[in-house]
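Dropping my_file.pdb in here (PDB, C-alpha atoms):
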```
ATOM      1  CA  MET A 223     -31.393 -18.550  -8.640
ATOM      2  CA  VAL A 224     -27.677 -17.857  -8.579
ATOM      3  CA  LYS A 225     -26.415 -15.926 -11.594
ATOM      4  CA  ALA A 226     -23.025 -14.628 -12.737
ATOM      5  CA  TYR A 227     -22.513 -10.864 -12.800
ATOM      6  CA  ARG A 228     -19.640  -8.721 -13.987
ATOM      7  CA  PHE A 229     -19.100  -5.040 -13.291
ATOM      8  CA  HIS A 230     -16.420  -2.465 -13.875
ATOM      9  CA  ILE A 231     -15.101  -0.569 -10.856
ATOM     10  CA  GLU A 232     -14.063   3.044 -10.510
ATOM     11  CA  GLY A 233     -11.611   3.992  -7.777
ATOM     12  CA  MET A 234      -9.308   0.948  -7.630
ATOM     13  CA  HIS A 235      -5.649   1.714  -6.942
ATOM     14  CA  CYS A 236      -3.823  -1.358  -5.671
ATOM     15  CA  GLN A 237      -4.102  -4.895  -4.320
ATOM     16  CA  SER A 238      -5.447  -3.572  -1.041
ATOM     17  CA  CYS A 239      -8.449  -2.282  -2.988
ATOM     18  CA  VAL A 240      -9.019  -5.779  -4.367
ATOM     19  CA  LEU A 241      -9.043  -7.219  -0.870
ATOM     20  CA  LEU A 242     -11.440  -4.617   0.506
ATOM     21  CA  ILE A 243     -13.832  -4.807  -2.464
ATOM     22  CA  GLU A 244     -14.017  -8.594  -2.281
ATOM     23  CA  ARG A 245     -14.662  -8.504   1.461
ATOM     24  CA  GLU A 246     -17.339  -5.800   1.291
ATOM     25  CA  LEU A 247     -19.226  -7.442  -1.575
ATOM     26  CA  SER A 248     -18.997 -10.831   0.106
ATOM     27  CA  SER A 249     -20.776  -9.348   3.112
ATOM     28  CA  ALA A 250     -23.951  -8.877   1.008
ATOM     29  CA  ALA A 251     -26.435 -11.662   1.792
ATOM     30  CA  GLU A 252     -27.212 -12.280  -1.893
ATOM     31  CA  VAL A 253     -23.555 -12.764  -2.894
ATOM     32  CA  SER A 254     -21.942 -16.203  -2.741
ATOM     33  CA  GLN A 255     -18.638 -15.633  -4.565
ATOM     34  CA  VAL A 256     -16.566 -12.572  -5.551
ATOM     35  CA  LYS A 257     -13.408 -12.094  -7.625
ATOM     36  CA  ALA A 258     -11.914  -8.659  -8.328
ATOM     37  CA  VAL A 259      -9.153  -8.073 -10.904
ATOM     38  CA  LEU A 260      -7.007  -4.991 -10.369
ATOM     39  CA  HIS A 261      -5.468  -4.389 -13.797
ATOM     40  CA  ARG A 262      -8.851  -4.768 -15.530
ATOM     41  CA  HIS A 263     -10.751  -2.801 -12.884
ATOM     42  CA  GLU A 264     -13.409  -5.506 -12.907
ATOM     43  CA  VAL A 265     -15.262  -7.635 -10.416
ATOM     44  CA  SER A 266     -17.077 -10.891 -11.135
ATOM     45  CA  LEU A 267     -19.525 -12.357  -8.683
ATOM     46  CA  GLU A 268     -22.083 -15.100  -8.282
ATOM     47  CA  ALA A 269     -25.247 -14.020  -6.511
ATOM     48  CA  ASP A 270     -28.980 -14.421  -6.258
ATOM     49  CA  PHE A 271     -30.682 -11.081  -6.829
ATOM     50  CA  GLY A 272     -33.858 -12.613  -8.209
ATOM     51  CA  ASP A 273     -35.320 -10.679 -11.143
ATOM     52  CA  LYS A 274     -33.471  -7.436 -10.440
ATOM     53  CA  THR A 275     -31.904  -5.771 -13.471
ATOM     54  CA  LEU A 276     -28.146  -5.345 -13.754
ATOM     55  CA  GLU A 277     -28.592  -1.628 -13.097
ATOM     56  CA  HIS A 278     -30.564  -2.318  -9.927
ATOM     57  CA  VAL A 279     -27.977  -4.799  -8.692
ATOM     58  CA  ALA A 280     -25.225  -2.211  -9.225
ATOM     59  CA  VAL A 281     -27.201   0.355  -7.227
ATOM     60  CA  ASP A 282     -27.689  -2.094  -4.350
ATOM     61  CA  LEU A 283     -24.030  -3.097  -4.202
ATOM     62  CA  ASN A 284     -22.816   0.493  -4.480
ATOM     63  CA  THR A 285     -24.409   1.239  -1.127
ATOM     64  CA  VAL A 286     -21.732  -1.057   0.312
ATOM     65  CA  LEU A 287     -18.803   0.164  -1.793
ATOM     66  CA  LYS A 288     -19.304   3.924  -2.094
ATOM     67  CA  PRO A 289     -18.371   4.679   1.544
ATOM     68  CA  HIS A 290     -14.945   3.255   0.668
ATOM     69  CA  GLY A 291     -14.572   5.303  -2.529
ATOM     70  CA  TYR A 292     -15.486   2.635  -5.110
ATOM     71  CA  THR A 293     -18.317   2.604  -7.636
ATOM     72  CA  LEU A 294     -19.668  -0.263  -9.744
ATOM     73  CA  VAL A 295     -20.507   0.755 -13.316
ATOM     74  CA  LEU A 296     -21.890  -1.209 -16.249
ATOM     75  CA  ASN A 297     -19.574   0.187 -18.916
ATOM     76  CA  ARG A 298     -15.801   0.143 -18.776
ATOM     77  CA  PRO A 299     -14.651   3.592 -17.587
ATOM     78  CA  ARG A 300     -12.385   5.333 -20.026
ATOM     79  CA  HIS A 301      -8.947   5.654 -18.509
ATOM     80  CA  GLN A 302      -7.941   9.290 -18.142
ATOM     81  CA  ALA A 303      -4.272   9.911 -17.520
ATOM     82  CA  LYS A 304      -4.736  13.616 -16.621
ATOM     83  CA  TRP A 305      -1.568  14.758 -18.340
ATOM     84  CA  SER A 306      -2.329  18.308 -17.280
ATOM     85  CA  ASP A 307      -1.338  17.362 -13.721
ATOM     86  CA  PHE A 308       2.273  17.063 -14.851
ATOM     87  CA  LYS A 309       2.479  20.819 -15.411
ATOM     88  CA  LEU A 310       2.607  21.174 -11.648
ATOM     89  CA  ALA A 311       3.623  17.645 -10.628
ATOM     90  CA  GLY A 312       6.885  17.847 -12.624
ATOM     91  CA  PRO A 313       8.217  21.013 -10.927
ATOM     92  CA  LEU A 314       7.029  19.810  -7.517
ATOM     93  CA  ALA A 315       8.808  16.475  -7.985
ATOM     94  CA  LEU A 316      11.975  18.305  -9.050
ATOM     95  CA  VAL A 317      11.877  20.449  -5.922
ATOM     96  CA  LEU A 318      11.426  17.359  -3.741
ATOM     97  CA  VAL A 319      14.289  15.556  -5.464
ATOM     98  CA  VAL A 320      16.577  18.546  -4.959
ATOM     99  CA  LEU A 321      15.506  18.702  -1.311
ATOM    100  CA  PHE A 322      16.277  15.003  -0.856
ATOM    101  CA  VAL A 323      19.703  15.472  -2.458
ATOM    102  CA  ILE A 324      20.435  18.368  -0.083
ATOM    103  CA  LEU A 325      19.385  16.248   2.889
ATOM    104  CA  GLN A 326      21.564  13.477   1.500
ATOM    105  CA  LYS A 327      24.544  15.815   1.401
ATOM    106  CA  LEU A 328      23.849  16.896   4.975
ATOM    107  CA  GLY A 329      23.653  13.244   6.064
ATOM    108  CA  VAL A 330      20.050  13.512   7.273
ATOM    109  CA  VAL A 331      18.805  10.842   4.857
ATOM    110  CA  ASN A 332      20.586   8.228   2.819
ATOM    111  CA  LEU A 333      18.226   6.967   0.135
ATOM    112  CA  LEU A 334      20.644   7.344  -2.751
ATOM    113  CA  ASN A 335      23.110   4.794  -1.453
ATOM    114  CA  THR A 336      22.283   1.120  -1.911
ATOM    115  CA  SER A 337      24.426   0.044   1.027
ATOM    116  CA  GLU A 338      22.464   1.863   3.713
ATOM    117  CA  VAL A 339      19.071   3.433   4.259
ATOM    118  CA  SER A 340      19.041   5.849   7.192
ATOM    119  CA  PHE A 341      16.240   5.929   9.714
ATOM    120  CA  GLY A 342      15.273   9.407   8.521
ATOM    121  CA  THR A 343      14.855   7.979   5.055
ATOM    122  CA  ALA A 344      12.697   5.139   6.417
ATOM    123  CA  ILE A 345      10.363   7.739   7.962
ATOM    124  CA  LEU A 346      10.128   9.628   4.654
ATOM    125  CA  ILE A 347       9.357   6.442   2.722
ATOM    126  CA  GLY A 348       6.701   5.559   5.305
ATOM    127  CA  LEU A 349       5.121   8.978   4.913
ATOM    128  CA  ILE A 350       5.024   8.624   1.120
ATOM    129  CA  ALA A 351       3.606   5.107   1.445
ATOM    130  CA  SER A 352       0.836   6.212   3.787
ATOM    131  CA  VAL A 353      -0.567   8.826   1.437
ATOM    132  CA  SER A 354       0.334   7.566  -2.015
ATOM    133  CA  THR A 355      -0.448   3.852  -1.899
ATOM    134  CA  CYS A 356      -3.916   2.577  -1.125
ATOM    135  CA  MET A 357      -4.328   2.369   2.647
ATOM    136  CA  ALA A 358      -7.774   0.842   2.170
ATOM    137  CA  VAL A 359      -7.103  -2.339   4.127
ATOM    138  CA  VAL A 360      -5.204  -0.762   7.021
ATOM    139  CA  GLY A 361      -7.598   2.175   7.027
ATOM    140  CA  GLY A 362     -10.535  -0.213   6.941
ATOM    141  CA  LEU A 363      -9.147  -2.025   9.965
ATOM    142  CA  VAL A 364      -8.710   1.285  11.784
ATOM    143  CA  LEU A 365     -12.309   2.247  11.101
ATOM    144  CA  SER A 366     -13.516  -1.229  12.059
ATOM    145  CA  VAL A 367     -11.761  -0.924  15.404
ATOM    146  CA  SER A 368     -13.563   2.368  15.972
ATOM    147  CA  ALA A 369     -16.946   0.915  15.016
ATOM    148  CA  ASN A 370     -16.603  -2.262  17.065
ATOM    149  CA  PHE A 371     -15.788  -0.395  20.275
ATOM    150  CA  ALA A 372     -17.966   2.689  19.722
ATOM    151  CA  LYS A 373     -20.930   1.218  21.605
ATOM    152  CA  SER A 374     -18.883   0.948  24.767
ATOM    153  CA  ASN A 375     -17.791   4.586  24.411
ATOM    154  CA  ASP A 376     -14.211   3.337  24.368
ATOM    155  CA  LYS A 377     -12.810   5.123  21.333
ATOM    156  CA  VAL A 378      -9.281   6.107  22.353
ATOM    157  CA  ARG A 379      -7.836   2.990  23.984
ATOM    158  CA  PRO A 380      -8.513   0.599  21.046
ATOM    159  CA  GLN A 381      -6.837   3.021  18.639
ATOM    160  CA  ILE A 382      -3.813   3.361  20.919
ATOM    161  CA  LEU A 383      -3.552  -0.426  21.171
ATOM    162  CA  PHE A 384      -3.847  -0.791  17.380
ATOM    163  CA  HIS A 385      -1.055   1.670  16.591
ATOM    164  CA  LEU A 386       1.090   0.392  19.456
ATOM    165  CA  GLY A 387       0.742  -3.154  18.146
ATOM    166  CA  ARG A 388       1.701  -1.971  14.670
ATOM    167  CA  LEU A 389       4.857  -0.233  15.871
ATOM    168  CA  ILE A 390       5.834  -3.224  18.029
ATOM    169  CA  SER A 391       5.340  -5.731  15.212
ATOM    170  CA  PHE A 392       7.326  -3.696  12.701
ATOM    171  CA  PHE A 393      10.175  -3.416  15.209
ATOM    172  CA  VAL A 394      10.245  -7.078  16.233
ATOM    173  CA  LEU A 395       9.528  -8.657  12.836
ATOM    174  CA  GLY A 396      11.830  -6.188  11.094
ATOM    175  CA  GLY A 397      14.539  -7.348  13.465
ATOM    176  CA  VAL A 398      13.766 -10.983  12.675
ATOM    177  CA  ILE A 399      14.124 -10.311   8.935
ATOM    178  CA  GLY A 400      17.406  -8.484   9.549
ATOM    179  CA  ALA A 401      18.690 -11.381  11.642
ATOM    180  CA  LEU A 402      17.718 -13.844   8.902
ATOM    181  CA  GLY A 403      19.972 -11.912   6.548
ATOM    182  CA  ALA A 404      22.870 -12.577   8.929
ATOM    183  CA  VAL A 405      22.013 -16.279   9.172
ATOM    184  CA  PHE A 406      22.031 -16.685   5.407
ATOM    185  CA  GLN A 407      25.214 -14.572   5.154
ATOM    186  CA  LEU A 408      24.248 -12.811   1.958
ATOM    187  CA  ASN A 409      27.176 -12.365  -0.390
ATOM    188  CA  THR A 410      27.738  -9.409  -2.698
ATOM    189  CA  MET A 411      25.728 -10.926  -5.551
ATOM    190  CA  ALA A 412      22.755 -11.788  -3.319
ATOM    191  CA  THR A 413      22.769  -8.271  -1.881
ATOM    192  CA  PHE A 414      22.945  -6.876  -5.412
ATOM    193  CA  ILE A 415      19.934  -8.931  -6.516
ATOM    194  CA  LEU A 416      17.863  -7.819  -3.524
ATOM    195  CA  SER A 417      18.883  -4.173  -4.017
ATOM    196  CA  LEU A 418      17.960  -4.458  -7.683
ATOM    197  CA  LEU A 419      14.597  -5.899  -6.691
ATOM    198  CA  VAL A 420      13.974  -2.967  -4.352
ATOM    199  CA  GLY A 421      14.645  -0.578  -7.252
ATOM    200  CA  LEU A 422      12.276  -2.455  -9.549
ATOM    201  CA  VAL A 423       9.545  -2.494  -6.888
ATOM    202  CA  LEU A 424       9.911   1.267  -6.458
ATOM    203  CA  ILE A 425       9.674   1.878 -10.215
ATOM    204  CA  ILE A 426       6.534  -0.261 -10.496
ATOM    205  CA  LEU A 427       5.025   1.583  -7.536
ATOM    206  CA  GLY A 428       5.887   4.889  -9.172
ATOM    207  CA  LEU A 429       4.297   3.872 -12.473
ATOM    208  CA  ASN A 430       1.130   2.874 -10.652
ATOM    209  CA  LEU A 431       1.066   6.224  -8.874
ATOM    210  CA  LEU A 432       1.361   8.050 -12.212
ATOM    211  CA  ASP A 433      -1.678   6.099 -13.420
ATOM    212  CA  LEU A 434      -0.584   6.318 -17.059
ATOM    213  CA  TRP A 435      -0.315   2.608 -17.788
ATOM    214  CA  PRO A 436      -2.990   0.545 -15.995
ATOM    215  CA  ALA A 437      -1.300  -2.705 -17.032
ATOM    216  CA  ALA A 438       1.598  -1.866 -14.667
ATOM    217  CA  LYS A 439      -0.628  -3.032 -11.819
ATOM    218  CA  ARG A 440      -0.056  -6.595 -13.062
ATOM    219  CA  PHE A 441       3.545  -6.424 -11.866
ATOM    220  CA  GLN A 442       3.004  -4.912  -8.430
ATOM    221  CA  LEU A 443       4.493  -7.042  -5.672
ATOM    222  CA  THR A 444       1.774  -8.215  -3.267
ATOM    223  CA  MET A 445       1.140 -10.606  -0.432
ATOM    224  CA  PRO A 446      -1.164 -13.539  -1.245
ATOM    225  CA  GLY A 447      -4.793 -12.497  -0.917
ATOM    226  CA  TRP A 448      -5.556 -15.146   1.704
ATOM    227  CA  VAL A 449      -3.069 -13.511   4.086
ATOM    228  CA  GLY A 450      -4.937 -10.216   3.987
ATOM    229  CA  ASN A 451      -8.264 -12.006   4.376
ATOM    230  CA  GLN A 452      -7.108 -13.846   7.477
ATOM    231  CA  VAL A 453      -5.842 -10.596   8.966
ATOM    232  CA  HIS A 454      -9.094  -8.808   8.245
ATOM    233  CA  ASN A 455     -11.141 -11.639   9.755
ATOM    234  CA  LEU A 456      -9.601 -10.870  13.129
ATOM    235  CA  LYS A 457     -11.592  -7.647  13.382
ATOM    236  CA  ASP A 458     -14.743  -9.672  14.004
ATOM    237  CA  PHE A 459     -13.398 -10.861  17.376
ATOM    238  CA  ASN A 460     -14.614  -8.281  19.845
ATOM    239  CA  HIS A 461     -11.998  -8.878  22.538
ATOM    240  CA  THR A 462     -10.141  -6.310  24.607
ATOM    241  CA  LEU A 463      -6.826  -7.151  22.945
ATOM    242  CA  THR A 464      -8.220  -7.460  19.406
ATOM    243  CA  PRO A 465      -6.961  -3.974  18.372
ATOM    244  CA  LEU A 466      -3.457  -4.866  19.583
ATOM    245  CA  VAL A 467      -3.462  -8.134  17.589
ATOM    246  CA  LEU A 468      -4.795  -6.335  14.509
ATOM    247  CA  GLY A 469      -1.994  -3.799  14.718
ATOM    248  CA  ILE A 470       0.589  -6.562  15.001
ATOM    249  CA  VAL A 471      -0.597  -8.507  11.943
ATOM    250  CA  THR A 472      -0.694  -5.435   9.650
ATOM    251  CA  PHE A 473       2.968  -6.257   9.022
ATOM    252  CA  PHE A 474       1.692  -8.938   6.617
ATOM    253  CA  LEU A 475      -0.852  -6.846   4.701
ATOM    254  CA  PRO A 476      -0.241  -6.140   0.984
ATOM    255  CA  CYS A 477       1.719  -2.931   0.461
ATOM    256  CA  GLY A 478       4.484  -2.565  -2.112
ATOM    257  CA  PHE A 479       6.376  -0.015  -0.040
ATOM    258  CA  THR A 480       6.305  -2.255   3.032
ATOM    259  CA  GLN A 481       7.549  -5.208   1.020
ATOM    260  CA  SER A 482      10.357  -3.200  -0.583
ATOM    261  CA  MET A 483      11.492  -2.139   2.898
ATOM    262  CA  GLN A 484      11.270  -5.744   4.096
ATOM    263  CA  ILE A 485      13.488  -6.818   1.206
ATOM    264  CA  TYR A 486      16.006  -4.105   2.047
ATOM    265  CA  THR A 487      15.929  -5.079   5.730
ATOM    266  CA  LEU A 488      17.016  -8.587   4.761
ATOM    267  CA  THR A 489      20.221  -7.105   3.318
ATOM    268  CA  THR A 490      21.162  -5.418   6.612
ATOM    269  CA  GLY A 491      22.040  -8.725   8.263
ATOM    270  CA  ASN A 492      21.493  -7.171  11.682
ATOM    271  CA  PHE A 493      18.598  -7.502  14.121
ATOM    272  CA  LEU A 494      18.754  -3.980  15.572
ATOM    273  CA  THR A 495      19.256  -2.257  12.210
ATOM    274  CA  GLY A 496      16.410  -4.209  10.645
ATOM    275  CA  ALA A 497      14.167  -3.579  13.652
ATOM    276  CA  LEU A 498      14.791   0.178  13.718
ATOM    277  CA  THR A 499      14.433   0.488   9.929
ATOM    278  CA  MET A 500      10.976  -1.087   9.907
ATOM    279  CA  PHE A 501      10.007   0.750  13.123
ATOM    280  CA  PHE A 502      10.825   4.156  11.646
ATOM    281  CA  PHE A 503       9.050   3.193   8.425
ATOM    282  CA  ALA A 504       5.924   2.401  10.456
ATOM    283  CA  LEU A 505       6.432   5.639  12.359
ATOM    284  CA  GLY A 506       6.316   7.498   9.042
ATOM    285  CA  THR A 507       2.904   6.013   8.267
ATOM    286  CA  LEU A 508       1.554   6.920  11.697
ATOM    287  CA  PRO A 509       0.342  10.527  11.060
ATOM    288  CA  VAL A 510      -2.057   9.536   8.259
ATOM    289  CA  LEU A 511      -3.313   6.496  10.178
ATOM    290  CA  LEU A 512      -3.941   8.679  13.224
ATOM    291  CA  LEU A 513      -6.004  11.005  11.058
ATOM    292  CA  LEU A 514      -8.001   7.999   9.911
ATOM    293  CA  SER A 515      -8.377   6.791  13.489
ATOM    294  CA  PHE A 516      -9.997   9.970  14.726
ATOM    295  CA  GLY A 517     -12.147  10.717  11.702
ATOM    296  CA  SER A 518     -10.200  13.602  10.200
ATOM    297  CA  LEU A 519      -9.442  11.873   6.916
ATOM    298  CA  ALA A 520     -11.804   9.879   4.707
ATOM    299  CA  ILE A 521     -10.288   6.951   2.797
ATOM    300  CA  HIS A 522     -12.140   7.785  -0.400
ATOM    301  CA  LYS A 523     -10.542  11.226  -0.598
ATOM    302  CA  LYS A 524      -7.307   9.624  -1.768
ATOM    303  CA  SER A 525      -8.901   9.016  -5.132
ATOM    304  CA  LYS A 526      -9.034  12.796  -5.662
ATOM    305  CA  LEU A 527      -5.336  13.339  -5.029
ATOM    306  CA  SER A 528      -4.278  12.842  -8.655
ATOM    307  CA  LEU A 529      -1.760  15.672  -8.531
ATOM    308  CA  PHE A 530      -0.134  14.384  -5.378
ATOM    309  CA  PHE A 531      -0.027  10.826  -6.721
ATOM    310  CA  LYS A 532       1.786  11.958  -9.852
ATOM    311  CA  THR A 533       4.261  14.051  -7.875
ATOM    312  CA  ALA A 534       4.990  11.155  -5.528
ATOM    313  CA  GLY A 535       5.179   8.761  -8.471
ATOM    314  CA  LEU A 536       7.874  10.815 -10.217
ATOM    315  CA  VAL A 537       9.910  11.001  -7.003
ATOM    316  CA  VAL A 538       9.584   7.269  -6.349
ATOM    317  CA  ILE A 539      10.606   6.408  -9.929
ATOM    318  CA  PHE A 540      13.650   8.668  -9.593
ATOM    319  CA  PHE A 541      14.811   6.874  -6.463
ATOM    320  CA  GLY A 542      14.082   3.492  -8.022
ATOM    321  CA  LEU A 543      16.263   4.331 -11.025
ATOM    322  CA  VAL A 544      19.057   5.677  -8.826
ATOM    323  CA  ASN A 545      18.905   2.536  -6.702
ATOM    324  CA  ILE A 546      19.246   0.314  -9.785
ATOM    325  CA  ILE A 547      22.087   2.400 -11.265
ATOM    326  CA  ASN A 548      24.021   2.351  -7.988
ATOM    327  CA  SER A 549      23.406  -1.387  -7.607
ATOM    328  CA  LEU A 550      24.898  -2.027 -11.041
ATOM    329  CA  ALA A 551      27.847   0.213 -10.209
ATOM    330  CA  VAL A 552      28.548  -1.556  -6.899
ATOM    331  CA  VAL A 553      29.090  -4.914  -8.636
ATOM    332  CA  GLY A 554      31.117  -3.304 -11.418
ATOM    333  CA  LEU A 555      28.673  -3.858 -14.280
ATOM    334  CA  ILE A 556      28.704  -0.148 -15.101
ATOM    335  CA  PRO A 557      30.916   2.743 -14.023
ATOM    336  CA  PRO A 558      29.524   5.013 -11.290
ATOM    337  CA  LEU A 559      27.174   7.435 -13.055
ATOM    338  CA  ILE A 560      25.613   9.187 -10.082
ATOM    339  CA  ASN A 561      27.585  10.311  -7.086
ATOM    340  CA  PHE A 562      25.765  12.174  -4.362
TER     341      PHE A 562
END
```

Let me see whether you can do it: turn the structure in this file into structure tokens.
Amino acid sequence: MVKAYRFHIEGMHCQSCVLLIERELSSAAEVSQVKAVLHRHEVSLEADFGDKTLEHVAVDLNTVLKPHGYTLVLNRPRHQAKWSDFKLAGPLALVLVVLFVILQKLGVVNLLNTSEVSFGTAILIGLIASVSTCMAVVGGLVLSVSANFAKSNDKVRPQILFHLGRLISFFVLGGVIGALGAVFQLNTMATFILSLLVGLVLIILGLNLLDLWPAAKRFQLTMPGWVGNQVHNLKDFNHTLTPLVLGIVTFFLPCGFTQSMQIYTLTTGNFLTGALTMFFFALGTLPVLLLLSFGSLAIHKKSKLSLFFKTAGLVVIFFGLVNIINSLAVVGLIPPLINF
């Protein structure tokens, strides 16, 4: 007999977690329907577990989720902000901000100017994105590629194809987005709105990284869930070129950092600039994904990086605020307040 169940979940970080949790629970034979809610850290499902108790059901389902760093619990976990982390996260964030400003002065990066994001900056943002937002979906695809081709003792080539496809797609599709900006001939106000949106996305991402206000997850920009599901379904096709295709379609997976860069790319109005911006962003994510590919980094360990998350969150919020302030100054709504 099918019954309705509801559990709380420990370890959720972003919309990618929602996608992975729903997919993993749906793979259980007893489960017919699953719905996870990020900001409530809950999952509801319809399943037939017979006469098993709620506790027993949670134990059974946790065998599927725990390898990915998630745990079903019966009682709502008490949110712990870990304010003590800020004793070290604050100074570390300040050092990083000062370092970025120095690099800005030297012309190595250009994150504090709304009119242009340098390729060095795109790499830095990609690096932050790879370790501070939930890479559960992309990481899950990487591990799936390894598992699907392990039996044939072909472990290296599929991973190379996956990452090659990812870099190619970010270059080509980034160029397409940049070219679209030229077609629409964005005026100053349209560019201002998009730049403002990038700043807001960064601030929301930063708040989520700080993990002080769980409700902030409601406002995180995400791709529709069905897009991620369709992408993930491709892993079940055990074809020679499947890893390449998987790498290509990761461009459409839910990631706030990726989407903020896509929005910025639209403002460039240039195919080559847009292509290189997204390519270097993807290049910045490559080191962490390579670690995942060859088993040197477990996905669930990200949940233990509270200190790093808070440090990255403070830095991201700083840049989001600067981006908004400079956007307002460019259109003359406020006088220039920050000049790097």

Worksheet item: Which one is closest to Gly421 of chain A: A:Ser254, A:Asn297, A:Asn492, A:Ser482? Count all atoms listed in the file.
Response: A:Ser482

Worksheet entry | Residue list as a list in words for point (21.5, -7.6, 7.2), cut-off 10 Å, all atoms listed in the file |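 Checked against the point, the hits come out as Gly397, Ile399, Gly400, Ala401, Leu402, Gly403, Ala404, Val405, Phe406, Gln407, Leu408, Thr413, Tyr486, Thr487, Leu488, Thr489, Thr490, Gly491, Asn492, Phe493, Leu494, Thr495 and Gly496 of chain A.
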
Worksheet item: Care to translate the PyMOL selection byres ((chain A and resi 294) around 6) into actual residues of this file, as a PyMOL selection string?
Response: chain A and resi 229-231+280+293+295

Worksheet entry | Between atom CA of Leu427 of chain A and atom CA of Leu543 of chain A - distance in Å to one decimal |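 Here the two named atoms are 12.1 Å from each other.
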
Worksheet item: Given the choices A:Leu389, A:Ala551, A:Met483, A:Lys532, which gets closest to Ile347 of chain A if the distance is worked out from all atoms listed in the file?
Response: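 Ranking A:Leu389, A:Ala551, A:Met483, A:Lys532 by distance to Ile347 of chain A, first place goes to A:Met483.
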
Fill in: Nearest residue to Thr285 of chain A from the set A:Ile485, A:Ala250, A:Val420, A:Leu383 (distances using all atoms listed in the file)
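Among the listed residues, the smallest separation from Thr285 of chain A belongs to A:Ala250.
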
Discussion item. Which residues, named as in the file, does the PyMOL selection byres ((chain A and resi 502) around 10) pick out? Answer as a PyMOL selection string.
Written reply: chain A and resi 340-348+389+392-393+497-501+503-508

Build an axis-aligned box that encloses every atom of segment 340-349 of chain A listed in the file, pad it by 8 Å on each side, and report its centre and edge lengths in Å to one decimal, as AutoDock Vina command-line options.
```
--center_x 12.1 --center_y 7.4 --center_z 6.2 --size_x 29.9 --size_y 20.5 --size_z 23.0
```

Worksheet entry | Residues within 10 Å of (-27.3, -17.0, -11.1), counting only C-alpha atoms, listed as a PyMOL selection string | chain A and resi 223-227+253-254+267-272

Worksheet item: atom CA of Leu429 of chain A and atom CA of Val538 of chain A are how many Å apart?
Response: 8.8 Å

Model the absent atoms of segment 380-384 of chain A so that all heavy atoms are present, and write the result as a CSV table (one decimal), in the coordinates of the input.
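The result, written out as rebuild_34.csv:
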```
chain,number,residue,atom,x,y,z
A,380,PRO,N,-8.7,1.5,22.1
A,380,PRO,CA,-8.5,0.6,21.0
A,380,PRO,C,-7.6,1.1,20.0
A,380,PRO,O,-6.8,0.4,19.4
A,380,PRO,CB,-9.9,0.4,20.5
A,380,PRO,CG,-10.8,0.7,21.6
A,380,PRO,CD,-10.2,1.8,22.4
A,381,GLN,N,-7.7,2.4,19.7
A,381,GLN,CA,-6.8,3.0,18.6
A,381,GLN,C,-5.4,3.0,19.1
A,381,GLN,O,-4.5,2.8,18.3
A,381,GLN,CB,-7.3,4.4,18.3
A,381,GLN,CG,-8.7,4.5,17.7
A,381,GLN,CD,-8.8,3.8,16.4
A,381,GLN,OE1,-7.8,3.5,15.7
A,381,GLN,NE2,-10.0,3.5,15.9
A,382,ILE,N,-5.2,3.4,20.4
A,382,ILE,CA,-3.8,3.4,20.9
A,382,ILE,C,-3.2,2.0,20.9
A,382,ILE,O,-2.1,1.8,20.5
A,382,ILE,CB,-3.8,3.9,22.4
A,382,ILE,CG1,-4.2,5.4,22.4
A,382,ILE,CG2,-2.4,3.7,23.0
A,382,ILE,CD1,-4.3,6.0,23.8
A,383,LEU,N,-4.0,1.0,21.2
A,383,LEU,CA,-3.6,-0.4,21.2
A,383,LEU,C,-3.2,-0.8,19.7
A,383,LEU,O,-2.2,-1.5,19.5
A,383,LEU,CB,-4.6,-1.4,21.8
A,383,LEU,CG,-4.8,-1.3,23.3
A,383,LEU,CD1,-5.9,-2.2,23.7
A,383,LEU,CD2,-3.5,-1.8,24.0
A,384,PHE,N,-4.1,-0.4,18.8
A,384,PHE,CA,-3.8,-0.8,17.4
A,384,PHE,C,-2.5,-0.2,16.9
A,384,PHE,O,-1.7,-1.0,16.3
A,384,PHE,CB,-5.0,-0.3,16.5
A,384,PHE,CG,-4.8,-0.5,15.0
A,384,PHE,CD1,-5.2,-1.7,14.5
A,384,PHE,CD2,-4.2,0.5,14.2
A,384,PHE,CE1,-5.0,-1.9,13.1
A,384,PHE,CE2,-4.1,0.2,12.9
A,384,PHE,CZ,-4.5,-1.0,12.3
```
